[in-house]
$ cat data-v6.tsv   # TSV, C-alpha atoms
chain	number	residue	atom	x	y	z
A	1	MET	CA	-34.79	-12.72	5.09
A	2	LYS	CA	-32.42	-12.77	2.10
A	3	LYS	CA	-32.83	-9.05	1.47
A	4	SER	CA	-32.34	-8.16	5.15
A	5	ILE	CA	-29.09	-10.15	5.26
A	6	LYS	CA	-27.73	-8.33	2.21
A	7	ILE	CA	-28.73	-4.96	3.66
A	8	GLY	CA	-26.99	-5.92	6.90
A	9	ILE	CA	-23.77	-6.69	5.02
A	10	ILE	CA	-23.91	-3.34	3.27
A	11	LEU	CA	-24.62	-1.50	6.54
A	12	LEU	CA	-21.62	-3.19	8.19
A	13	PHE	CA	-19.37	-2.28	5.29
A	14	LEU	CA	-20.45	1.34	5.13
A	15	LEU	CA	-20.16	1.93	8.85
A	16	GLN	CA	-16.58	0.63	8.75
A	17	ALA	CA	-15.52	2.28	5.50
A	18	CYS	CA	-12.86	4.87	6.02
A	19	SER	CA	-11.13	5.46	2.76
A	20	GLY	CA	-10.78	4.31	-0.82
A	21	GLU	CA	-8.91	1.22	-1.88
A	22	GLU	CA	-7.65	2.87	-4.90
A	23	ASN	CA	-6.09	6.21	-5.23
A	24	ILE	CA	-7.81	6.97	-8.52
A	25	GLU	CA	-9.50	10.35	-8.60
A	26	SER	CA	-12.85	10.75	-10.25
A	27	PRO	CA	-12.76	11.79	-13.90
A	28	VAL	CA	-13.11	15.52	-14.29
A	29	ASN	CA	-12.82	17.82	-17.25
A	30	SER	CA	-9.34	18.97	-16.28
A	31	PRO	CA	-7.41	21.41	-18.47
A	32	GLN	CA	-4.64	20.00	-20.60
A	33	VAL	CA	-1.16	20.29	-19.07
A	34	LEU	CA	0.92	21.23	-22.06
A	35	GLU	CA	4.22	21.32	-20.18
A	36	ASN	CA	3.91	17.68	-19.18
A	37	PRO	CA	6.41	15.47	-21.06
A	38	VAL	CA	3.92	12.66	-21.51
A	39	GLU	CA	1.49	14.93	-23.31
A	40	ASN	CA	4.33	16.44	-25.33
A	41	GLU	CA	5.17	12.94	-26.54
A	42	ILE	CA	1.58	12.34	-27.58
A	43	ILE	CA	1.34	15.71	-29.31
A	44	GLU	CA	4.52	14.93	-31.27
A	45	ASN	CA	3.02	11.62	-32.35
A	46	GLU	CA	-0.13	13.42	-33.43
A	47	VAL	CA	1.88	15.79	-35.60
A	48	GLN	CA	3.75	12.90	-37.17
A	49	GLU	CA	0.51	11.07	-37.88
A	50	LYS	CA	-1.20	14.32	-39.00
A	51	GLU	CA	-4.23	13.68	-36.87
A	52	GLN	CA	-5.51	14.81	-33.48
A	53	LEU	CA	-6.20	12.40	-30.68
A	54	SER	CA	-9.27	13.63	-28.82
A	55	LYS	CA	-9.78	13.19	-25.10
A	56	PRO	CA	-12.70	11.06	-23.93
A	57	GLU	CA	-15.85	13.08	-23.44
A	58	ALA	CA	-16.80	13.79	-19.85
A	59	ASN	CA	-19.91	12.17	-18.45
A	60	THR	CA	-22.66	14.52	-19.62
A	61	GLU	CA	-25.40	12.86	-17.57
A	62	MET	CA	-24.91	13.40	-13.86
A	63	ALA	CA	-26.72	10.80	-11.78
A	64	ASP	CA	-29.70	11.97	-9.71
A	65	ILE	CA	-28.70	10.69	-6.27
A	66	LYS	CA	-31.95	11.91	-4.70
A	67	GLU	CA	-33.97	9.81	-7.12
A	68	VAL	CA	-31.87	6.73	-6.35
A	69	LEU	CA	-32.20	7.32	-2.58
A	70	LYS	CA	-35.96	7.70	-2.92
A	71	GLU	CA	-36.20	4.23	-4.45
A	72	PHE	CA	-33.51	2.68	-2.23
A	73	PRO	CA	-33.61	4.64	1.07
A	74	GLN	CA	-31.46	2.07	2.91
A	75	GLY	CA	-29.14	1.26	0.03
A	76	ALA	CA	-25.38	1.65	-0.24
A	77	LEU	CA	-25.56	5.33	-1.21
A	78	SER	CA	-27.61	6.32	1.84
A	79	PHE	CA	-24.62	6.04	4.15
A	80	LEU	CA	-22.16	8.07	2.09
A	81	ALA	CA	-21.08	11.61	2.93
A	82	ASP	CA	-22.36	14.39	0.69
A	83	ASN	CA	-19.01	14.85	-1.07
A	84	GLU	CA	-18.79	11.09	-1.71
A	85	LYS	CA	-22.30	11.05	-3.20
A	86	GLN	CA	-21.32	14.01	-5.36
A	87	CYS	CA	-18.23	12.19	-6.60
A	88	ILE	CA	-20.17	9.07	-7.56
A	89	SER	CA	-22.91	11.11	-9.24
A	90	GLU	CA	-20.34	12.72	-11.54
A	91	ILE	CA	-19.03	9.41	-12.89
A	92	SER	CA	-22.23	7.38	-13.11
A	93	THR	CA	-25.84	7.54	-14.29
A	94	THR	CA	-29.10	7.30	-12.39
A	95	GLU	CA	-30.08	4.00	-14.00
A	96	SER	CA	-26.65	2.51	-13.38
A	97	LEU	CA	-26.85	3.34	-9.66
A	98	LYS	CA	-30.36	1.91	-9.42
A	99	SER	CA	-29.11	-1.26	-11.06
A	100	MET	CA	-26.24	-1.42	-8.55
A	101	GLU	CA	-28.54	-1.00	-5.54
A	102	LYS	CA	-30.94	-3.65	-6.87
A	103	SER	CA	-28.09	-6.10	-7.42
A	104	LEU	CA	-26.76	-5.53	-3.92
A	105	MET	CA	-30.14	-6.21	-2.33
A	106	GLU	CA	-31.15	-9.19	-4.43
A	107	GLU	CA	-27.88	-10.89	-5.31
A	108	GLY	CA	-25.17	-9.55	-3.02
A	109	ALA	CA	-23.07	-8.89	-6.12
A	110	ILE	CA	-22.37	-6.00	-8.47
A	111	LEU	CA	-20.74	-5.39	-11.83
A	112	GLN	CA	-17.08	-4.42	-11.93
A	113	GLU	CA	-18.08	-1.02	-13.37
A	114	HIS	CA	-20.16	-0.43	-10.23
A	115	MET	CA	-17.22	-1.39	-8.02
A	116	ASP	CA	-15.14	1.15	-9.94
A	117	TYR	CA	-17.45	3.93	-8.74
A	118	PHE	CA	-16.20	3.27	-5.21
A	119	THR	CA	-12.52	2.96	-6.06
A	120	SER	CA	-12.60	6.04	-8.28
A	121	CYS	CA	-13.95	8.09	-5.37
A	122	ASN	CA	-11.51	6.75	-2.75
A	123	LEU	CA	-14.07	4.39	-1.18
A	124	PRO	CA	-13.51	0.69	-0.47
A	125	GLY	CA	-15.60	-1.87	-2.28
A	126	PRO	CA	-18.27	-3.67	-0.22
A	127	PRO	CA	-16.69	-6.59	1.71
A	128	GLY	CA	-18.13	-9.98	0.91
A	129	ILE	CA	-19.81	-8.68	-2.25
A	130	GLY	CA	-19.11	-10.61	-5.44
A	131	ILE	CA	-18.45	-9.34	-8.93
A	132	LYS	CA	-21.12	-10.43	-11.42
A	133	GLU	CA	-18.91	-10.34	-14.50
A	134	ALA	CA	-15.38	-11.39	-15.21
A	135	THR	CA	-12.83	-8.77	-16.18
A	136	SER	CA	-13.24	-7.44	-19.72
A	137	SER	CA	-11.88	-9.74	-22.40
A	138	ASN	CA	-9.99	-6.76	-23.81
A	139	ASP	CA	-7.62	-6.71	-20.81
A	140	THR	CA	-3.99	-7.36	-21.71
A	141	GLU	CA	-1.31	-9.16	-19.78
A	142	ILE	CA	0.57	-7.10	-17.22
A	143	VAL	CA	3.94	-8.41	-18.39
A	144	GLN	CA	4.03	-6.77	-21.78
A	145	GLU	CA	7.63	-5.71	-21.24
A	146	THR	CA	9.79	-7.17	-18.48
A	147	TYR	CA	12.54	-4.60	-19.07
A	148	TYR	CA	12.15	-0.88	-19.67
A	149	ALA	CA	15.13	1.48	-20.02
A	150	THR	CA	15.18	5.28	-19.90
A	151	SER	CA	17.94	7.83	-20.24
A	152	PHE	CA	18.68	7.72	-16.51
A	153	ALA	CA	17.36	4.41	-15.11
A	154	SER	CA	15.98	1.00	-16.00
A	155	VAL	CA	13.07	-1.01	-14.67
A	156	GLU	CA	13.72	-4.73	-14.80
A	157	ASN	CA	11.81	-7.95	-14.17
A	158	ILE	CA	8.33	-6.40	-14.23
A	159	ARG	CA	5.97	-9.13	-13.08
A	160	SER	CA	2.51	-9.68	-11.66
A	161	LEU	CA	2.22	-10.91	-8.07
A	162	ASP	CA	-1.10	-12.58	-8.97
A	163	GLU	CA	-2.83	-10.75	-6.14
A	164	ASP	CA	-5.68	-8.26	-6.40
A	165	GLY	CA	-4.93	-5.13	-4.41
A	166	VAL	CA	-4.03	-1.46	-4.29
A	167	SER	CA	-2.09	1.03	-2.13
A	168	PRO	CA	0.72	-1.33	-1.05
A	169	HIS	CA	3.38	-0.52	1.55
A	170	LEU	CA	6.57	-2.59	1.71
A	171	GLU	CA	8.88	-2.75	4.73
A	172	LYS	CA	12.02	-4.71	5.54
A	173	VAL	CA	11.83	-7.17	8.46
A	174	ASP	CA	15.32	-8.65	8.08
A	175	ASP	CA	17.71	-9.80	5.34
A	176	LYS	CA	15.37	-12.65	4.38
A	177	THR	CA	11.90	-11.35	5.13
A	178	LEU	CA	9.70	-8.46	3.99
A	179	ARG	CA	6.29	-7.32	5.20
A	180	LEU	CA	3.72	-6.19	2.66
A	181	PHE	CA	0.56	-4.22	3.48
A	182	TYR	CA	-2.10	-3.63	0.80
A	183	SER	CA	-5.82	-2.91	0.56
A	184	SER	CA	-7.67	-6.11	-0.31
A	185	ILE	CA	-11.32	-6.99	-0.81
A	186	GLU	CA	-10.43	-10.59	0.09
A	187	VAL	CA	-9.60	-9.69	3.71
A	188	LYS	CA	-12.06	-6.77	3.87
A	189	GLY	CA	-9.34	-4.32	4.85
A	190	ILE	CA	-5.56	-4.03	4.70
A	191	ALA	CA	-3.88	-7.39	4.21
A	192	VAL	CA	-0.69	-7.93	6.22
A	193	SER	CA	1.64	-10.49	4.58
A	194	LEU	CA	5.10	-11.85	5.24
A	195	CYS	CA	7.19	-12.36	2.09
A	196	ASP	CA	10.61	-13.45	0.99
A	197	TYR	CA	12.67	-11.26	-1.33
A	198	GLU	CA	11.14	-13.01	-4.34
A	199	LEU	CA	7.81	-11.68	-3.00
A	200	LYS	CA	6.32	-15.08	-2.31
A	201	CYS	CA	3.92	-14.01	0.40
A	202	GLU	CA	1.61	-15.47	3.03
A	203	ILE	CA	-1.15	-13.40	4.64
A	204	GLN	CA	-0.77	-13.11	8.42
A	205	GLY	CA	-3.89	-11.07	9.18
A	206	ALA	CA	-5.74	-7.87	8.38
A	207	LEU	CA	-6.26	-4.31	9.61
A	208	GLU	CA	-9.75	-2.79	9.44
A	209	ARG	CA	-11.20	0.71	9.39
A	210	MET	CA	-8.15	2.28	7.73
A	211	SER	CA	-6.41	2.52	4.36
A	212	ASP	CA	-3.21	3.77	2.71
A	213	LEU	CA	-0.85	2.81	5.53
A	214	THR	CA	2.85	3.62	5.76
A	215	ILE	CA	5.03	2.80	8.79
A	216	ILE	CA	8.30	4.40	9.93
A	217	LYS	CA	10.48	3.87	13.00
A	218	THR	CA	11.19	7.01	15.02
A	219	LEU	CA	14.55	7.89	16.57
A	220	ALA	CA	13.25	6.43	19.83
A	221	GLY	CA	12.53	3.12	18.06
A	222	VAL	CA	8.74	3.50	18.01
A	223	ARG	CA	6.95	1.89	15.07
A	224	ARG	CA	4.62	4.69	14.04
A	225	GLY	CA	2.09	4.29	11.25
A	226	TYR	CA	0.32	6.97	9.20
A	227	TYR	CA	-2.94	6.22	7.41
A	228	VAL	CA	-6.38	7.48	6.38
A	229	ALA	CA	-9.39	6.88	8.62
A	230	LEU	CA	-12.75	8.42	9.37
A	231	ASN	CA	-12.60	10.99	12.17
A	232	PRO	CA	-15.71	10.26	14.29
A	233	GLN	CA	-15.73	13.81	15.65
A	234	THR	CA	-15.62	15.68	12.34
A	235	LYS	CA	-17.23	12.93	10.19
A	236	GLN	CA	-14.48	13.57	7.64
A	237	LYS	CA	-11.54	11.52	6.46
A	238	ASP	CA	-8.32	12.49	8.18
A	239	ILE	CA	-4.68	11.44	8.30
A	240	PHE	CA	-4.09	9.57	11.56
A	241	THR	CA	-1.02	8.23	13.32
A	242	ALA	CA	-0.77	5.34	15.78
A	243	VAL	CA	1.83	3.06	17.37
A	244	PHE	CA	2.01	-0.29	15.57
A	245	SER	CA	3.07	-3.68	16.91
A	246	GLU	CA	6.17	-5.42	15.59
A	247	ASP	CA	4.05	-7.83	13.54
A	248	GLY	CA	1.97	-4.97	12.09
A	249	LEU	CA	-1.30	-6.59	13.12
A	250	SER	CA	-2.35	-4.24	15.93
A	251	TYR	CA	-2.02	-0.59	16.86
A	252	SER	CA	-2.72	1.81	19.75
A	253	ASN	CA	-2.72	5.50	20.71
A	254	GLU	CA	-4.51	6.63	17.56
A	255	THR	CA	-4.22	10.39	16.97
A	256	PRO	CA	-5.51	12.56	14.09
A	257	LEU	CA	-2.95	14.91	12.56
A	258	GLY	CA	-5.53	17.60	11.88
A	259	PHE	CA	-5.40	17.54	8.09
A	260	PRO	CA	-8.92	16.51	7.04
A	261	VAL	CA	-9.99	16.30	3.44
A	262	ASP	CA	-12.32	19.15	2.55
A	263	GLN	CA	-15.89	18.08	1.79
A	264	ASN	CA	-15.59	19.54	-1.70
A	265	GLU	CA	-12.35	17.73	-2.52
A	266	ILE	CA	-12.51	14.45	-4.38
A	267	ALA	CA	-8.81	13.74	-4.85
A	268	TRP	CA	-6.30	13.95	-2.05
A	269	GLY	CA	-4.11	10.97	-2.52
A	270	VAL	CA	-2.18	8.49	-0.42
A	271	PRO	CA	-0.27	9.88	2.60
A	272	ASP	CA	3.39	8.85	2.52
A	273	ALA	CA	5.40	9.18	5.73
A	274	VAL	CA	9.20	9.28	5.83
A	275	LEU	CA	11.77	9.63	8.59
A	276	MET	CA	13.96	12.62	7.78
A	277	PRO	CA	17.76	12.67	8.29
A	278	ASN	CA	17.31	15.02	11.27
A	279	GLY	CA	14.89	12.62	13.00
A	280	LEU	CA	11.70	14.54	12.24
A	281	VAL	CA	8.86	12.95	10.25
A	282	ARG	CA	7.41	14.34	7.03
A	283	VAL	CA	4.08	13.29	5.51
A	284	TYR	CA	3.18	13.91	1.85
A	285	TRP	CA	-0.27	13.76	0.28
A	286	VAL	CA	-2.20	14.98	-2.77
A	287	TYR	CA	-4.35	18.12	-2.74
A	288	THR	CA	-6.67	19.70	-5.29
A	289	GLU	CA	-7.70	23.35	-5.20
A	290	ASP	CA	-10.95	22.66	-7.05
A	291	LYS	CA	-12.57	20.03	-9.22
A	292	THR	CA	-11.10	21.35	-12.45
A	293	SER	CA	-7.45	21.64	-11.35
A	294	ASP	CA	-4.82	18.97	-11.65
A	295	GLU	CA	-3.51	17.46	-8.43
A	296	LYS	CA	-0.74	19.10	-6.39
A	297	LEU	CA	1.57	17.54	-3.83
A	298	VAL	CA	1.71	19.03	-0.32
A	299	SER	CA	3.52	18.04	2.86
A	300	ALA	CA	3.70	18.60	6.62
A	301	THR	CA	6.67	18.16	8.96
A	302	SER	CA	6.54	17.03	12.59
A	303	LYS	CA	7.38	19.53	15.31
A	304	THR	CA	9.35	16.94	17.30
A	305	THR	CA	10.97	13.57	16.68
A	306	LYS	CA	7.91	11.87	18.20
A	307	GLY	CA	6.07	12.38	14.88
A	308	ILE	CA	2.69	13.28	16.40
A	309	GLU	CA	2.25	17.05	16.02
A	310	PHE	CA	2.73	18.51	12.53
A	311	ALA	CA	2.91	21.87	10.78
A	312	MET	CA	2.18	22.39	7.08
A	313	ASP	CA	5.17	23.07	4.85
A	314	PRO	CA	4.64	26.19	2.69
A	315	GLY	CA	3.92	25.85	-1.01
A	316	TYR	CA	3.70	22.73	-3.15
A	317	ARG	CA	6.25	19.96	-3.59
A	318	LEU	CA	5.04	19.19	-7.14
A	319	GLU	CA	2.19	20.33	-9.38
A	320	ASN	CA	0.53	19.37	-12.69
A	321	GLY	CA	-1.13	16.09	-11.79
A	322	TYR	CA	1.44	13.88	-10.11
A	323	VAL	CA	0.00	11.54	-7.46
A	324	ASP	CA	0.86	8.47	-5.33
A	325	PHE	CA	4.08	10.06	-4.05
A	326	GLU	CA	6.54	7.71	-2.29
A	327	VAL	CA	9.95	8.68	-0.91
A	328	ILE	CA	12.26	5.71	-1.44
A	329	ARG	CA	15.42	7.25	0.04
A	330	ALA	CA	15.90	10.14	2.48
A	331	VAL	CA	19.51	10.78	3.52
A	332	GLU	CA	21.29	14.08	4.00
A	333	GLY	CA	21.44	15.87	0.64
A	334	ASP	CA	20.12	12.86	-1.30
A	335	TRP	CA	16.38	12.21	-1.43
A	336	LYS	CA	14.72	10.05	-4.09
A	337	ALA	CA	11.04	9.43	-4.82
A	338	LEU	CA	8.67	7.58	-7.11
A	339	MET	CA	5.18	8.69	-8.11
A	340	SER	CA	2.43	8.14	-10.66
A	341	TYR	CA	0.51	10.43	-12.97
A	342	THR	CA	-3.16	11.37	-12.71
A	343	PRO	CA	-5.68	9.00	-14.33
A	344	HIS	CA	-7.71	11.95	-15.66
A	345	TYR	CA	-6.29	11.68	-19.19
A	346	MET	CA	-6.60	7.93	-19.71
A	347	PRO	CA	-6.48	6.09	-22.05
A	348	GLU	CA	-4.51	8.57	-24.18
A	349	ILE	CA	-2.08	9.12	-21.30
A	350	PRO	CA	-1.64	6.03	-19.10
A	351	GLN	CA	-0.76	6.15	-15.46
A	352	SER	CA	3.01	5.66	-15.45
A	353	LEU	CA	5.67	5.80	-12.77
A	354	PHE	CA	8.04	8.78	-12.57
A	355	TYR	CA	11.21	9.51	-10.62
A	356	ALA	CA	12.34	12.64	-8.77
A	357	LYS	CA	15.28	13.66	-6.60
A	358	SER	CA	15.81	16.35	-3.99
A	359	LYS	CA	18.37	17.69	-1.52
A	360	ASP	CA	15.91	18.44	1.28
A	361	GLY	CA	12.61	16.72	0.50
A	362	LEU	CA	10.90	20.07	-0.17
A	363	LYS	CA	12.13	21.16	-3.60
A	364	TRP	CA	11.99	18.25	-6.02
A	365	ASP	CA	13.60	17.88	-9.43
A	366	LEU	CA	11.22	15.75	-11.45
A	367	ILE	CA	12.64	13.77	-14.34
A	368	GLU	CA	9.86	14.09	-16.88
A	369	GLU	CA	10.32	10.72	-18.52
A	370	ARG	CA	8.19	7.72	-17.58
A	371	ILE	CA	10.03	4.73	-16.15
A	372	THR	CA	7.34	2.13	-16.94
A	373	PRO	CA	5.96	0.97	-20.30
A	374	LYS	CA	3.07	3.08	-21.57
A	375	GLY	CA	1.00	0.09	-22.73
A	376	TYR	CA	-0.23	-0.53	-19.18
A	377	SER	CA	-1.14	1.66	-16.18
A	378	TYR	CA	1.18	1.58	-13.15
A	379	PHE	CA	0.52	3.46	-9.89
A	380	ASP	CA	0.71	3.31	-6.04
A	381	PRO	CA	4.48	2.60	-5.88
A	382	THR	CA	6.29	1.51	-2.72
A	383	ALA	CA	9.93	0.41	-2.53
A	384	ILE	CA	12.81	-0.68	-0.33
A	385	GLN	CA	16.46	-0.04	-1.06
A	386	ILE	CA	18.57	-3.10	-1.82
A	387	ASP	CA	21.89	-1.29	-2.33
A	388	ASP	CA	23.15	2.09	-3.59
A	389	LYS	CA	21.65	1.67	-7.07
A	390	ASN	CA	18.93	-0.95	-6.75
A	391	PHE	CA	15.41	-0.79	-5.33
A	392	LEU	CA	12.72	-3.45	-5.07
A	393	VAL	CA	9.43	-1.86	-6.17
A	394	VAL	CA	5.88	-3.04	-5.56
A	395	GLY	CA	2.84	-1.21	-6.93
A	396	SER	CA	-0.61	-1.55	-8.44
A	397	ALA	CA	-1.31	-2.03	-12.13
A	398	ALA	CA	-4.32	-2.18	-14.40
A	399	PRO	CA	-5.07	-2.30	-18.13
A	400	ASN	CA	-4.84	1.09	-19.80
A	401	THR	CA	-8.55	1.17	-20.56
A	402	LEU	CA	-11.61	3.06	-19.36
A	403	GLY	CA	-14.40	1.30	-17.51
A	404	ALA	CA	-14.17	-2.09	-15.82
A	405	ARG	CA	-10.64	-3.22	-15.15
A	406	GLU	CA	-8.83	-5.41	-12.64
A	407	HIS	CA	-6.23	-3.92	-10.28
A	408	VAL	CA	-3.36	-6.27	-9.44
A	409	LEU	CA	-0.11	-5.94	-7.54
A	410	PHE	CA	3.14	-5.98	-9.53
A	411	ALA	CA	6.82	-6.06	-8.62
A	412	ALA	CA	9.92	-4.79	-10.41
A	413	GLU	CA	13.54	-3.75	-9.83
A	414	LEU	CA	14.50	-0.10	-10.27
A	415	VAL	CA	18.16	0.30	-11.26
A	416	LEU	CA	19.71	3.78	-11.08
A	417	PRO	CA	23.01	4.73	-12.76

$ encode --input "data-v6.tsv" --output "structure tokens"
Amino acid sequence: MKKSIKIGIILLFLLQACSGEENIESPVNSPQVLENPVENEIIENEVQEKEQLSKPEANTEMADIKEVLKEFPQGALSFLADNEKQCISEISTTESLKSMEKSLMEEGAILQEHMDYFTSCNLPGPPGIGIKEATSSNDTEIVQETYYATSFASVENIRSLDEDGVSPHLEKVDDKTLRLFYSSIEVKGIAVSLCDYELKCEIQGALERMSDLTIIKTLAGVRRGYYVALNPQTKQKDIFTAVFSEDGLSYSNETPLGFPVDQNEIAWGVPDAVLMPNGLVRVYWVYTEDKTSDEKLVSATSKTTKGIEFAMDPGYRLENGYVDFEVIRAVEGDWKALMSYTPHYMPEIPQSLFYAKSKDGLKWDLIEERITPKGYSYFDPTAIQIDDKNFLVVGSAAPNTLGAREHVLFAAELVLP
């Protein structure tokens, strides 16, 4: 009876799983991007120290999924799509996956490193499943620096929100209240919280069978959300839109946009929707041409102000491995955005936040200088504008280490000149 209950929990999770909690792409042996300023900084340090810093070796032993499925035919892996199995096989070993399946069946718990297989491949962790080990003792505190200044901006009051989660979306309710959405194992979906401006929050409910949600209000006043879900007709993940209630706890009129992730793509990133100055809606997401290329940013613009039918914008918005794109201001002639950098080169190059500006939301001028400390990884930014120069930022953070690590929400203030 104990084993059948655990299998039932896993079946329920896998049938409802739509997307990953964490927008961390699987490690691949990507080519070095020499033009990137972060790598230039590291190369300069190497010259000064007269030694080379080598990248971590790629996983040379690809897991044999067929062997694992033969031993565990009704295990967690049996319900994954082929591209998802391929992703996990590239970052794991056969014995590790067998150990994971055995732990799920017998204990209803897995190691953090096993949970990372799911998050690294854009899959949610099993709901109700415990973690067998605490976070590595080598983890450092998130608040290493509460103030970080660059040549063009400063990030102040960096602090942990003491909440596990990824892919947050922050929206303004009124002058005293904010609403925060984020993927959470605790609620087995997207947590919906009401917060004050100090980000003291209380969970109101949860949204299931979706991830990576952003919400905009159309010219007609419709609260329209954009998110990732499983398309039951194509059996692929797709960007969907739906009409959301005022409290953010329910939605209706779900419609796919027609931009599914290709079966061979592992990384595609979080869709970010923004209302344009002309009333149209633009959605940004991450695309990879193949498994060895760094991520590129693409976008699509709605055909009408209803924000339901979209056409792809030509070309790329950004290239060379920038992910987690978030437009934080979109007014005529003055667009601003935050983003993170690919995790492929960790720990030598941490995931840091970067800033870009644009006149039309299509051609972006990236400022190639990180705006967060490099001793910790920061990603998945979302923000609301407080005034002309100040933004309240919420994102995800984790220790700048490989392997098991805890992902927590953080907050900070971005101050522009």

$ residues_around --input "data-v6.tsv" --residues "segment 227-233 of chain A" --least-positions-apart "3" --cutoff "7 Å" --atoms "all atoms listed in the file" --output "PyMOL selection string"
chain A and resi 18-19+209-214+236-241+271

$ residues_near_point --input "data-v6.tsv" --point "(1.6, 6.1, -15.4)" --cutoff "8 Å" --atoms "all atoms listed in the file" --output "list of chain:residue names"
A:Ser340, A:Tyr341, A:Thr342, A:Pro343, A:Ile349, A:Pro350, A:Gln351, A:Ser352, A:Leu353, A:Phe354, A:Arg370, A:Thr372, A:Lys374, A:Tyr376, A:Ser377, A:Tyr378, A:Phe379

$ residues_around --input "data-v6.tsv" --residues "Phe310 of chain A" --least-positions-apart "2" --cutoff "9 Å" --atoms "all atoms listed in the file" --output "PDB file with C-alpha atoms, keeping the file's coordinate frame"
ATOM      1  CA  LEU A 257      -2.950  14.910  12.560  1.00  0.00           C
ATOM      2  CA  GLY A 258      -5.530  17.600  11.880  1.00  0.00           C
ATOM      3  CA  VAL A 281       8.860  12.950  10.250  1.00  0.00           C
ATOM      4  CA  ARG A 282       7.410  14.340   7.030  1.00  0.00           C
ATOM      5  CA  VAL A 283       4.080  13.290   5.510  1.00  0.00           C
ATOM      6  CA  ALA A 300       3.700  18.600   6.620  1.00  0.00           C
ATOM      7  CA  THR A 301       6.670  18.160   8.960  1.00  0.00           C
ATOM      8  CA  SER A 302       6.540  17.030  12.590  1.00  0.00           C
ATOM      9  CA  LYS A 303       7.380  19.530  15.310  1.00  0.00           C
ATOM     10  CA  THR A 304       9.350  16.940  17.300  1.00  0.00           C
ATOM     11  CA  GLY A 307       6.070  12.380  14.880  1.00  0.00           C
ATOM     12  CA  ILE A 308       2.690  13.280  16.400  1.00  0.00           C
ATOM     13  CA  MET A 312       2.180  22.390   7.080  1.00  0.00           C
TER      14      MET A 312
END

$ atom_distance --input "data-v6.tsv" --atom1 "atom CA of Lys70 of chain A" --atom2 "atom CA of Ile91 of chain A"
19.7 Å

$ closest_residue --input "data-v6.tsv" --among "A:Asn253, A:Ser299, A:Thr382, A:Ser160" --to "Lys363 of chain A" --atoms "all atoms listed in the file"
A:Ser299

$ closest_residue --input "data-v6.tsv" --among "A:Gln74, A:Lys102, A:Glu186, A:Leu97" --to "Asp116 of chain A" --atoms "only C-alpha atoms"
A:Leu97

$ residues_around --input "data-v6.tsv" --residues "Val331 of chain A" --least-positions-apart "6" --cutoff "10 Å" --atoms "all atoms listed in the file" --output "ChimeraX atom specification"
/A:275-278,359-361

$ write_last_selection --input "data-v6.tsv" --atoms "C-alpha atoms" --output "PDB file, in the frame of the given file"
ATOM      1  CA  LEU A 275      11.770   9.630   8.590  1.00  0.00           C
ATOM      2  CA  MET A 276      13.960  12.620   7.780  1.00  0.00           C
ATOM      3  CA  PRO A 277      17.760  12.670   8.290  1.00  0.00           C
ATOM      4  CA  ASN A 278      17.310  15.020  11.270  1.00  0.00           C
ATOM      5  CA  LYS A 359      18.370  17.690  -1.520  1.00  0.00           C
ATOM      6  CA  ASP A 360      15.910  18.440   1.280  1.00  0.00           C
ATOM      7  CA  GLY A 361      12.610  16.720   0.500  1.00  0.00           C
TER       8      GLY A 361
END

$ atom_distance --input "data-v6.tsv" --atom1 "atom CA of Ile384 of chain A" --atom2 "atom CA of Ala411 of chain A"
11.6 Å

$ axis_aligned_box --input "data-v6.tsv" --around "segment 387-391 of chain A" --padding-each-side "6 Å" --output "lines of an AutoDock Vina configuration file"
center_x = 19.3
center_y = 0.4
center_z = -4.7
size_x = 19.7
size_y = 15.4
size_z = 16.7

$ decode --input "data-v6.tsv" --residues "segment 302-310 of chain A" --atoms "N, CA and C atoms" --output "mmCIF file, in the first residue's frame"
data_model
loop_
_atom_site.group_PDB
_atom_site.id
_atom_site.type_symbol
_atom_site.label_atom_id
_atom_site.label_comp_id
_atom_site.auth_asym_id
_atom_site.auth_seq_id
_atom_site.Cartn_x
_atom_site.Cartn_y
_atom_site.Cartn_z
ATOM 1 N N SER A 302 1.366 41.380 -30.712
ATOM 2 C CA SER A 302 -0.037 41.088 -31.003
ATOM 3 C C SER A 302 -0.512 41.849 -32.229
ATOM 4 N N LYS A 303 -1.462 41.257 -32.941
ATOM 5 C CA LYS A 303 -2.011 41.877 -34.144
ATOM 6 C C LYS A 303 -3.042 42.948 -33.811
ATOM 7 N N THR A 304 -3.679 42.833 -32.649
ATOM 8 C CA THR A 304 -4.658 43.816 -32.192
ATOM 9 C C THR A 304 -4.420 44.116 -30.724
ATOM 10 N N THR A 305 -5.125 45.082 -30.197
ATOM 11 C CA THR A 305 -4.979 45.455 -28.787
ATOM 12 C C THR A 305 -5.608 44.433 -27.846
ATOM 13 N N LYS A 306 -6.277 43.417 -28.379
ATOM 14 C CA LYS A 306 -6.840 42.374 -27.528
ATOM 15 C C LYS A 306 -5.748 41.466 -26.962
ATOM 16 N N GLY A 307 -4.601 41.384 -27.641
ATOM 17 C CA GLY A 307 -3.480 40.597 -27.132
ATOM 18 C C GLY A 307 -3.678 39.107 -27.200
ATOM 19 N N ILE A 308 -4.374 38.617 -28.244
ATOM 20 C CA ILE A 308 -4.645 37.179 -28.368
ATOM 21 C C ILE A 308 -3.910 36.572 -29.562
ATOM 22 N N GLU A 309 -3.951 37.220 -30.703
ATOM 23 C CA GLU A 309 -3.265 36.733 -31.897
ATOM 24 C C GLU A 309 -1.936 37.472 -32.054
ATOM 25 N N PHE A 310 -0.869 36.714 -32.343
ATOM 26 C CA PHE A 310 0.477 37.281 -32.387
ATOM 27 C C PHE A 310 1.199 36.910 -33.677
#
